[in-house]
>>> print(open('model_30.cif').read())   # mmCIF, C-alpha atoms and all ligand atoms
data_model
loop_
_atom_site.label_atom_id
_atom_site.label_comp_id
_atom_site.auth_asym_id
_atom_site.auth_seq_id
_atom_site.Cartn_x
_atom_site.Cartn_y
_atom_site.Cartn_z
CA MET N 1 -13.69 14.38 16.31
CA LYS N 2 -12.20 13.28 13.03
CA ASN N 3 -13.92 16.12 11.22
CA SER N 4 -12.35 18.75 13.41
CA TYR N 5 -8.90 17.27 12.71
CA VAL N 6 -9.58 17.20 9.01
CA SER N 7 -10.80 20.78 8.99
CA TYR N 8 -7.67 21.73 10.93
CA ASN N 9 -5.66 20.17 8.11
CA GLN N 10 -7.66 21.94 5.49
CA LYS N 11 -7.27 25.29 7.19
CA ILE N 12 -3.52 24.91 7.46
CA ASN N 13 -3.38 23.79 3.85
CA THR N 14 -5.29 26.73 2.55
CA LEU N 15 -3.24 29.23 4.51
CA LYS N 16 0.05 27.63 3.78
CA HIS N 17 -0.33 26.99 0.10
CA ARG N 18 -2.58 29.69 -1.20
CA ASN N 19 0.30 31.82 -2.38
CA GLU N 20 2.81 29.10 -3.02
CA ILE N 21 1.12 26.88 -5.51
CA ASP N 22 2.40 28.53 -8.64
CA GLU N 23 5.86 28.87 -7.19
CA ARG N 24 6.13 25.20 -6.34
CA LEU N 25 4.98 23.98 -9.71
CA LYS N 26 6.70 26.65 -11.73
CA ASN N 27 9.37 24.43 -13.24
CA VAL N 28 7.28 21.34 -13.62
CA ASP N 29 6.04 20.17 -17.01
CA PRO N 30 2.27 20.90 -17.07
CA LYS N 31 1.62 17.64 -18.95
CA MET N 32 3.22 15.71 -16.11
CA ILE N 33 1.18 17.60 -13.53
CA GLU N 34 -1.96 16.73 -15.40
CA MET N 35 -0.97 13.10 -15.73
CA ILE N 36 -0.17 12.88 -12.02
CA GLN N 37 -3.47 14.46 -11.10
CA ASN N 38 -5.41 12.14 -13.38
CA GLU N 39 -3.66 8.83 -12.95
CA ILE N 40 -1.56 8.83 -9.80
CA MET N 41 -3.37 11.07 -7.39
CA GLU N 42 -6.48 10.05 -5.50
CA GLN N 43 -8.25 12.32 -3.02
CA SER N 44 -8.60 10.38 0.23
CA PRO N 45 -9.42 6.85 -0.97
CA ASN N 46 -12.30 5.33 0.90
CA ILE N 47 -10.59 2.49 2.81
CA THR N 48 -10.86 2.02 6.57
CA TRP N 49 -8.92 -0.16 9.00
CA ASP N 50 -11.95 -2.44 9.12
CA ASP N 51 -11.43 -3.26 5.45
CA ILE N 52 -8.05 -4.75 6.31
CA ALA N 53 -8.27 -8.15 7.93
CA GLY N 54 -5.85 -9.17 10.70
CA LEU N 55 -2.45 -7.41 10.85
CA GLU N 56 -3.23 -5.96 14.29
CA HIS N 57 0.41 -5.22 15.11
CA ALA N 58 0.97 -3.30 11.90
CA LYS N 59 -2.28 -1.38 12.23
CA LYS N 60 -1.57 -0.30 15.80
CA THR N 61 1.98 0.78 15.03
CA ILE N 62 0.90 2.69 11.96
CA GLN N 63 -1.83 4.51 13.83
CA GLU N 64 0.56 5.68 16.52
CA VAL N 65 3.54 6.62 14.47
CA VAL N 66 1.98 7.69 11.20
CA THR N 67 -1.73 8.45 11.14
CA TRP N 68 -1.98 10.47 14.33
CA PRO N 69 1.02 12.68 13.46
CA LEU N 70 -0.49 13.37 10.03
CA LEU N 71 -3.69 14.43 11.76
CA ARG N 72 -2.07 16.46 14.53
CA PRO N 73 1.34 17.75 13.46
CA ASP N 74 1.10 20.36 16.23
CA ILE N 75 1.36 17.66 18.91
CA PHE N 76 3.81 15.34 17.21
CA THR N 77 6.90 17.51 17.21
CA GLY N 78 10.45 17.06 18.44
CA LEU N 79 10.92 13.63 19.96
CA ARG N 80 7.47 12.70 18.78
CA SER N 81 8.05 13.78 15.21
CA PRO N 82 6.91 11.06 12.82
CA PRO N 83 9.07 9.05 10.44
CA LYS N 84 9.01 10.39 6.90
CA GLY N 85 9.37 6.95 5.45
CA LEU N 86 7.54 3.73 6.16
CA LEU N 87 8.62 0.48 4.57
CA LEU N 88 6.08 -2.32 4.29
CA PHE N 89 7.69 -5.60 3.37
CA GLY N 90 6.47 -9.16 3.02
CA PRO N 91 4.98 -11.56 0.52
CA PRO N 92 2.87 -10.19 -2.34
CA GLY N 93 -0.87 -9.85 -1.89
CA THR N 94 -0.93 -9.32 1.86
CA GLY N 95 -2.52 -5.87 2.02
CA LYS N 96 0.41 -3.46 1.68
CA THR N 97 -1.37 -1.34 -0.91
CA LEU N 98 -4.55 -1.44 1.14
CA ILE N 99 -2.59 -0.13 4.14
CA GLY N 100 -1.13 2.73 2.08
CA LYS N 101 -4.62 3.73 0.98
CA CYS N 102 -5.99 3.39 4.47
CA ILE N 103 -3.33 5.70 5.93
CA ALA N 104 -4.27 8.35 3.39
CA SER N 105 -7.96 7.88 3.95
CA GLU N 106 -7.81 7.88 7.77
CA SER N 107 -5.61 10.96 7.89
CA GLY N 108 -7.48 12.96 5.28
CA SER N 109 -4.39 12.91 3.06
CA THR N 110 -4.10 12.89 -0.68
CA PHE N 111 -2.92 9.52 -1.94
CA PHE N 112 -0.32 9.15 -4.68
CA SER N 113 0.41 5.69 -5.94
CA ILE N 114 3.09 4.72 -8.40
CA SER N 115 5.11 1.61 -9.09
CA SER N 116 8.83 1.64 -9.64
CA SER N 117 8.46 -0.25 -12.88
CA SER N 118 6.28 2.49 -14.35
CA LEU N 119 8.95 5.04 -13.42
CA THR N 120 11.68 3.05 -15.07
CA SER N 121 9.79 1.71 -18.08
CA LYS N 122 6.78 3.87 -18.88
CA TRP N 123 8.68 7.08 -18.32
CA VAL N 124 11.89 6.05 -20.02
CA GLY N 125 14.19 9.00 -20.08
CA ASP N 126 11.76 11.10 -18.07
CA GLY N 127 11.69 9.07 -14.87
CA GLU N 128 13.84 11.55 -13.03
CA LYS N 129 11.63 14.49 -14.00
CA MET N 130 8.60 12.46 -13.09
CA VAL N 131 9.92 11.86 -9.56
CA ARG N 132 10.50 15.59 -9.14
CA ALA N 133 7.03 16.39 -10.48
CA LEU N 134 5.43 13.80 -8.24
CA PHE N 135 6.92 15.28 -5.08
CA ALA N 136 6.12 18.81 -6.22
CA VAL N 137 2.46 17.97 -6.72
CA ALA N 138 2.46 16.09 -3.39
CA ARG N 139 3.82 19.19 -1.61
CA VAL N 140 1.03 21.29 -3.01
CA ASN N 141 -1.52 18.72 -1.88
CA GLN N 142 -0.32 18.14 1.66
CA PRO N 143 -0.86 16.22 3.80
CA ALA N 144 0.03 13.53 1.31
CA VAL N 145 0.90 9.86 1.27
CA VAL N 146 3.18 8.82 -1.59
CA PHE N 147 2.96 5.07 -2.07
CA VAL N 148 5.68 3.47 -4.15
CA ASP N 149 5.15 -0.16 -5.05
CA GLU N 150 8.10 -2.47 -5.82
CA ILE N 151 10.37 0.10 -4.25
CA ASP N 152 13.23 -2.40 -4.24
CA SER N 153 13.75 -2.02 -7.97
CA LEU N 154 14.15 1.73 -7.51
CA LEU N 155 16.48 1.55 -4.53
CA THR N 156 18.35 -1.59 -5.38
CA GLN N 157 21.90 -2.16 -4.18
CA ARG N 158 23.11 -3.32 -7.56
CA THR N 159 25.52 -0.69 -8.76
CA ASP N 160 27.67 -2.48 -11.30
CA GLY N 161 26.29 -1.97 -14.74
CA GLU N 162 23.42 0.03 -13.35
CA TYR N 163 21.82 1.89 -16.17
CA GLU N 164 22.52 5.57 -16.11
CA ALA N 165 18.80 6.40 -16.28
CA SER N 166 17.96 4.17 -13.30
CA ARG N 167 20.81 5.61 -11.32
CA ARG N 168 19.56 9.12 -11.95
CA ILE N 169 16.02 8.21 -10.93
CA LYS N 170 17.36 6.69 -7.74
CA THR N 171 19.47 9.77 -6.94
CA GLU N 172 16.56 12.11 -7.58
CA PHE N 173 14.33 9.98 -5.46
CA LEU N 174 16.71 10.12 -2.50
CA VAL N 175 17.12 13.89 -2.94
CA GLN N 176 13.35 14.33 -2.84
CA PHE N 177 13.07 11.97 0.10
CA ASP N 178 15.61 14.00 2.05
CA GLY N 179 13.89 17.20 0.97
CA VAL N 180 10.79 15.89 2.63
CA LYS N 181 12.81 15.45 5.78
CA THR N 182 14.45 18.86 5.98
CA ALA N 183 11.93 21.21 4.45
CA SER N 184 13.19 24.72 4.91
CA LEU N 185 10.40 26.63 6.64
CA GLU N 186 7.89 24.21 7.97
CA GLU N 187 8.09 20.47 7.83
CA ASP N 188 6.40 19.02 4.78
CA ARG N 189 3.67 16.64 5.70
CA ILE N 190 4.43 13.98 3.16
CA LEU N 191 4.76 10.38 4.14
CA LEU N 192 6.54 8.04 1.79
CA VAL N 193 5.27 4.48 1.99
CA GLY N 194 7.42 1.97 0.16
CA ALA N 195 6.18 -1.56 -0.46
CA THR N 196 8.41 -4.45 -1.38
CA ASN N 197 8.47 -8.22 -1.71
CA ARG N 198 12.25 -8.15 -1.84
CA PRO N 199 13.48 -6.05 1.10
CA GLN N 200 16.92 -7.64 0.93
CA GLU N 201 17.54 -5.84 -2.37
CA ILE N 202 17.24 -2.36 -0.88
CA ASP N 203 20.61 -0.80 -0.26
CA GLU N 204 21.73 0.36 3.13
CA ALA N 205 21.50 4.12 2.52
CA ALA N 206 17.91 3.80 1.35
CA ARG N 207 17.02 1.38 4.14
CA ARG N 208 18.15 3.83 6.81
CA ARG N 209 15.79 6.46 5.45
CA PHE N 210 12.81 4.29 6.26
CA ARG N 211 12.72 4.72 10.01
CA LYS N 212 9.83 2.29 10.37
CA ARG N 213 10.07 -1.06 8.64
CA LEU N 214 7.04 -3.23 9.16
CA TYR N 215 6.66 -6.86 8.26
CA ILE N 216 3.28 -7.54 6.64
CA PRO N 217 2.98 -11.33 6.91
CA LEU N 218 0.56 -13.82 5.41
CA PRO N 219 -2.90 -13.63 6.98
CA GLU N 220 -3.61 -15.89 9.98
CA HIS N 221 -6.74 -18.02 10.18
CA GLU N 222 -8.83 -15.09 11.46
CA GLY N 223 -7.50 -12.83 8.71
CA ARG N 224 -8.40 -15.36 6.02
CA PHE N 225 -11.82 -15.78 7.59
CA ALA N 226 -12.45 -12.04 7.48
CA ILE N 227 -11.31 -11.83 3.85
CA VAL N 228 -13.66 -14.64 2.72
CA LYS N 229 -16.56 -13.27 4.76
CA ASN N 230 -16.00 -9.85 3.31
CA LEU N 231 -15.79 -11.09 -0.29
CA LEU N 232 -18.91 -13.23 0.10
CA SER N 233 -20.89 -10.51 1.82
CA ASN N 234 -22.49 -9.19 -1.34
CA GLN N 235 -22.89 -12.54 -3.10
CA LYS N 236 -25.65 -15.11 -3.01
CA HIS N 237 -24.11 -18.01 -1.05
CA SER N 238 -25.06 -20.83 1.31
CA LEU N 239 -21.87 -21.20 3.35
CA THR N 240 -22.10 -21.40 7.13
CA ASP N 241 -19.43 -19.84 9.35
CA GLU N 242 -18.25 -23.34 10.23
CA GLN N 243 -17.74 -24.15 6.54
CA ILE N 244 -15.80 -20.93 6.08
CA HIS N 245 -13.62 -21.89 9.07
CA GLU N 246 -13.07 -25.26 7.39
CA ILE N 247 -11.93 -23.46 4.22
CA CYS N 248 -9.55 -21.37 6.35
CA ARG N 249 -8.08 -24.52 7.88
CA LYS N 250 -7.41 -25.76 4.36
CA THR N 251 -5.72 -22.55 3.26
CA ILE N 252 -2.79 -22.22 5.63
CA GLY N 253 -0.05 -20.37 3.74
CA TYR N 254 -2.43 -18.54 1.37
CA SER N 255 -1.94 -14.79 0.96
CA GLY N 256 -4.78 -12.28 0.91
CA SER N 257 -4.77 -12.20 -2.86
CA ASP N 258 -4.63 -16.03 -3.03
CA MET N 259 -7.82 -15.98 -0.93
CA ASP N 260 -9.26 -13.42 -3.29
CA GLY N 261 -8.39 -15.68 -6.22
CA LEU N 262 -9.94 -18.68 -4.46
CA CYS N 263 -13.22 -16.85 -3.87
CA ARG N 264 -13.33 -15.70 -7.47
CA GLU N 265 -12.77 -19.26 -8.70
CA ALA N 266 -15.49 -20.57 -6.36
CA ALA N 267 -17.86 -17.88 -7.56
CA LEU N 268 -17.58 -19.30 -11.07
CA GLY N 269 -18.91 -22.68 -9.86
CA PRO N 270 -22.60 -21.75 -10.24
CA ILE N 271 -21.90 -20.30 -13.68
CA ARG N 272 -20.19 -23.41 -15.05
CA ILE N 273 -23.31 -25.56 -14.76
CA ILE N 274 -25.49 -23.16 -16.71
CA GLY N 275 -26.51 -24.58 -20.07
CA ASP N 276 -27.17 -21.43 -22.02
CA ILE N 277 -25.73 -18.28 -20.48
CA ARG N 278 -27.64 -16.07 -22.91
CA THR N 279 -31.10 -17.04 -21.71
CA ILE N 280 -30.81 -17.67 -17.96
CA SER N 281 -32.19 -14.97 -15.69
CA ALA N 282 -29.72 -13.59 -13.10
CA ASP N 283 -32.08 -14.66 -10.29
CA ASP N 284 -31.86 -18.27 -11.39
CA VAL N 285 -28.10 -18.50 -10.93
CA ARG N 286 -27.72 -20.75 -7.89
CA SER N 287 -25.89 -19.72 -4.69
CA ILE N 288 -22.18 -20.29 -4.25
CA ASN N 289 -21.76 -23.33 -1.98
CA TYR N 290 -19.12 -25.18 -0.01
CA GLN N 291 -18.50 -27.67 -2.82
CA ASP N 292 -17.60 -24.76 -5.14
CA PHE N 293 -14.85 -23.86 -2.68
CA LEU N 294 -13.62 -27.45 -2.47
CA ASP N 295 -13.41 -27.51 -6.27
CA ALA N 296 -11.68 -24.12 -6.32
CA LEU N 297 -9.10 -25.39 -3.81
CA THR N 298 -7.88 -27.87 -6.40
CA GLN N 299 -7.23 -24.99 -8.79
CA VAL N 300 -5.91 -22.15 -6.64
CA ARG N 301 -2.76 -22.83 -4.64
CA ALA N 302 -0.69 -20.79 -2.20
CA SER N 303 1.66 -18.58 -4.17
CA VAL N 304 4.33 -17.93 -1.53
CA SER N 305 7.03 -20.51 -0.87
CA ASP N 306 8.35 -21.50 2.56
CA ARG N 307 11.77 -20.43 1.45
CA ASP N 308 10.55 -16.89 0.76
CA LEU N 309 8.84 -16.77 4.14
CA GLU N 310 12.08 -17.68 5.85
CA LEU N 311 13.84 -14.85 4.04
CA TYR N 312 11.24 -12.32 5.21
CA GLN N 313 11.41 -13.53 8.79
CA LYS N 314 15.18 -13.33 8.77
CA TRP N 315 15.15 -9.80 7.34
CA ASN N 316 12.53 -8.81 9.89
CA GLN N 317 14.71 -10.05 12.76
CA GLU N 318 17.65 -8.13 11.40
CA TYR N 319 16.12 -4.85 10.21
CA GLY N 320 12.39 -4.84 10.97
CA SER N 321 10.63 -2.62 13.53
CA LEU N 322 9.53 -5.32 15.93
CA SER N 323 6.97 -4.60 18.59
P1 LIG N 401 0.12 -6.10 -1.74
O1 LIG N 401 0.62 -6.54 -0.39
O2 LIG N 401 0.76 -6.91 -2.84
O3 LIG N 401 0.18 -4.62 -1.96
P2 LIG N 401 -2.70 -5.68 -1.91
O4 LIG N 401 -2.87 -4.74 -0.78
O5 LIG N 401 -2.75 -5.09 -3.29
O6 LIG N 401 -1.39 -6.55 -1.75
O7 LIG N 401 -3.81 -6.84 -1.79
C1 LIG N 401 -4.26 -7.55 -2.90
C2 LIG N 401 -5.69 -8.00 -2.68
O8 LIG N 401 -5.70 -9.06 -1.71
C3 LIG N 401 -6.56 -6.90 -2.10
O9 LIG N 401 -7.23 -6.17 -3.07
C4 LIG N 401 -7.53 -7.69 -1.23
O10 LIG N 401 -8.59 -8.21 -2.03
C5 LIG N 401 -6.76 -8.87 -0.76
N1 LIG N 401 -6.13 -8.71 0.57
C6 LIG N 401 -4.82 -8.88 0.85
N2 LIG N 401 -4.57 -8.73 2.16
C7 LIG N 401 -5.74 -8.39 2.73
C8 LIG N 401 -6.14 -8.10 4.08
N3 LIG N 401 -5.27 -8.13 5.10
N4 LIG N 401 -7.42 -7.78 4.29
C9 LIG N 401 -8.31 -7.76 3.28
N5 LIG N 401 -8.01 -8.05 2.00
C10 LIG N 401 -6.75 -8.38 1.71
#
>>> encode(input="model_30.cif", output="structure tokens", more="lines below")
Ligand code: ADP
Amino acid sequence: MKNSYVSYNQKINTLKHRNEIDERLKNVDPKMIEMIQNEIMEQSPNITWDDIAGLEHAKKTIQEVVTWPLLRPDIFTGLRSPPKGLLLFGPPGTGKTLIGKCIASESGSTFFSISSSSLTSKWVGDGEKMVRALFAVARVNQPAVVFVDEIDSLLTQRTDGEYEASRRIKTEFLVQFDGVKTASLEEDRILLVGATNRPQEIDEAARRRFRKRLYIPLPEHEGRFAIVKNLLSNQKHSLTDEQIHEICRKTIGYSGSDMDGLCREAALGPIRIIGDIRTISADDVRSINYQDFLDALTQVRASVSDRDLELYQKWNQEYGSLS
């Protein structure tokens, strides 16, 4: 089934863009195009919904309002037309980037990933051009998912003393965003996914443009369990499911990346007791065990504060797309 959708996409793409490619990229700096293709663009990353633990509400909503329309634009028209912008907000390390990649992968879209800080710092002076180039290349490679990390710093509400360069990047970004919305002939099939840990910093005009705003919270017990299971799956270890559940009970408040950090720390346990690392054979490294995790728990703590969580919940009540 999926293949026929994807080939539908490919057919449309070929027909639609065959004669337009040069036109669309005509005024774009070739060096930027090359950089985007090499560093920012990824053809359908290989991430599935199964790779993302928990977050059932977000996954279901995203499938309905985003992935299916990207697959079948012919059905999702008019009242069913999809949002052009999706905002994922919540604490860091909870799977927002994974979700962006998964949307691209599940819908056969090209994935573009950039962080606001690289636009404002790495491309000093050229940030505005870079935004234009990014959207131009995305148009040529439709359907596309443009993932912008730390989008708050790009669309911040601070206006006093705003640097001229940042202001111009922001303006260009909004112009491109609106261009995505009102493409002249046919609708562009570009979805902008913005991720932020500071949703309260996004100004009202920008907020409105993200029709769907999904809270991506800390993983629940089951989510943490799936993350640990997944990370241990290709390691030599002796942990039982019950021991992993015990670890999950001890890690309330940990984010996905805190869990990742914990597993990495635990995985070093067997290495620390080796006398001479140069001579030991890889097969003789002992399995990771429960005690390694107990030791790691004294080193790796939850990184998100209760105060931050309250802020996210409040913002979600006020502006989030609740189920
Ligand atoms: P962010 O929300 O900051 O974009 P990422 O998506 O980059 O977070 O996640 C960081 C890392 O944490 C991932 O590479 C993964 O190892 C782990 N992780 C976070 N959330 C999940 C999740 N829900 N399922 C599986 N792994 C997760």
>>> atom_distance(input="model_30.cif", atom1="atom CA of N:Arg211", atom2="atom CA of N:Leu191")
11.4 Å
>>> atom_distance(input="model_30.cif", atom1="atom CA of N:Asp126", atom2="atom CA of N:Met35")
13.1 Å
>>> closest_atom_pairs(input="model_30.cif", of="chain N", to="ligand LIG 401 (chain N)", cutoff="7 Å", atoms="only C-alpha atoms and all ligand atoms", output="Markdown table")
| residue | atom | partner | partner_atom | distance |
| --- | --- | --- | --- | --- |
| N:Asp51 | CA | N:LIG401 | C9 | 5.9 |
| N:Ile52 | CA | N:LIG401 | N4 | 3.7 |
| N:Ala53 | CA | N:LIG401 | N4 | 3.8 |
| N:Gly54 | CA | N:LIG401 | N3 | 5.7 |
| N:Leu55 | CA | N:LIG401 | N3 | 6.4 |
| N:Pro91 | CA | N:LIG401 | O1 | 6.7 |
| N:Pro92 | CA | N:LIG401 | O2 | 3.9 |
| N:Gly93 | CA | N:LIG401 | O6 | 3.3 |
| N:Thr94 | CA | N:LIG401 | N2 | 3.7 |
| N:Gly95 | CA | N:LIG401 | O4 | 3.0 |
| N:Lys96 | CA | N:LIG401 | O1 | 3.7 |
| N:Thr97 | CA | N:LIG401 | O4 | 3.7 |
| N:Leu98 | CA | N:LIG401 | O4 | 4.2 |
| N:Ile99 | CA | N:LIG401 | O4 | 6.7 |
| N:Ala195 | CA | N:LIG401 | O3 | 6.9 |
| N:Pro219 | CA | N:LIG401 | N3 | 6.3 |
| N:Gly223 | CA | N:LIG401 | N3 | 6.3 |
| N:Ile227 | CA | N:LIG401 | C9 | 5.1 |
| N:Ser255 | CA | N:LIG401 | C6 | 6.6 |
| N:Gly256 | CA | N:LIG401 | C6 | 3.4 |
| N:Ser257 | CA | N:LIG401 | O8 | 3.5 |
| N:Asp260 | CA | N:LIG401 | O10 | 5.4 |
>>> closest_residue(input="model_30.cif", among="N:Lys31, N:His221, N:Arg72, N:His57", to="N:Lys129", atoms="all atoms listed in the file")
N:Lys31
>>> residues_around(input="model_30.cif", residues="N:Thr171", least_positions_apart="2", cutoff="12 Å", atoms="only C-alpha atoms", output="PyMOL selection string")
chain N and resi 127-129+131-132+154-156+164-169+173-178+205-206
>>> atom_distance(input="model_30.cif", atom1="atom CA of N:Glu201", atom2="atom CA of N:Gly320")
14.3 Å
>>> residues_around(input="model_30.cif", residues="N:Glu150", least_positions_apart="3", cutoff="12 Å", atoms="all atoms listed in the file", output="PyMOL selection string")
chain N and resi 87-92+96-97+113-120+147+153-156+193-199+201-202
>>> residues_around(input="model_30.cif", residues="stretch 78-81 of chain N", least_positions_apart="3", cutoff="9 Å", atoms="only C-alpha atoms", output="list in words")
Val65, Pro69, Pro73 and Ile75 of chain N
>>> residues_around(input="model_30.cif", residues="N:Val300", least_positions_apart="6", cutoff="12 Å", atoms="all atoms listed in the file", output="ChimeraX atom specification")
/N:250-251,254-255,257-266,293-294
>>> write_last_selection(input="model_30.cif", atoms="C-alpha atoms", output="short mmCIF file (atom, residue, chain, number, x, y, z; two decimals), in the coordinates of the input")
data_model
loop_
_atom_site.label_atom_id
_atom_site.label_comp_id
_atom_site.auth_asym_id
_atom_site.auth_seq_id
_atom_site.Cartn_x
_atom_site.Cartn_y
_atom_site.Cartn_z
CA LYS N 250 -7.41 -25.76 4.36
CA THR N 251 -5.72 -22.55 3.26
CA TYR N 254 -2.43 -18.54 1.37
CA SER N 255 -1.94 -14.79 0.96
CA SER N 257 -4.77 -12.20 -2.86
CA ASP N 258 -4.63 -16.03 -3.03
CA MET N 259 -7.82 -15.98 -0.93
CA ASP N 260 -9.26 -13.42 -3.29
CA GLY N 261 -8.39 -15.68 -6.22
CA LEU N 262 -9.94 -18.68 -4.46
CA CYS N 263 -13.22 -16.85 -3.87
CA ARG N 264 -13.33 -15.70 -7.47
CA GLU N 265 -12.77 -19.26 -8.70
CA ALA N 266 -15.49 -20.57 -6.36
CA PHE N 293 -14.85 -23.86 -2.68
CA LEU N 294 -13.62 -27.45 -2.47
#
>>> residues_near_point(input="model_30.cif", point="(7.1, 12.5, 8.8)", cutoff="7 Å", atoms="only C-alpha atoms", output="NGL selection string")
:N and (81-85 or 189-191)
>>> closest_residue(input="model_30.cif", among="N:Ala133, N:Ile62, N:Arg213, N:Arg139", to="N:Ile103", atoms="all atoms listed in the file")
N:Ile62
>>> residues_around(input="model_30.cif", residues="N:Ala136", least_positions_apart="2", cutoff="12 Å", atoms="all atoms listed in the file", output="PyMOL selection string")
chain N and resi 20-30+32-33+36-37+112+129-134+138-142+144+146+176-177+179-180+188+190
>>> closest_residue(input="model_30.cif", among="N:Asp283, N:Glu204, N:Asp292, N:Asp152", to="N:Leu239", atoms="all atoms listed in the file")
N:Asp292
>>> closest_residue(input="model_30.cif", among="N:Ala58, N:Val137, N:Ile271, N:Leu70", to="N:Pro217", atoms="all atoms listed in the file")
N:Ala58
>>> closest_residue(input="model_30.cif", among="N:Gln243, N:Thr279, N:Asn230, N:Asn38", to="N:Asp50", atoms="only C-alpha atoms")
N:Asn230
>>> axis_aligned_box(input="model_30.cif", around="stretch 262-270 of chain N", padding_each_side="5 Å", output="JSON")
{"center_x": -16.3, "center_y": -19.2, "center_z": -7.5, "size_x": 22.7, "size_y": 17.0, "size_z": 17.2}
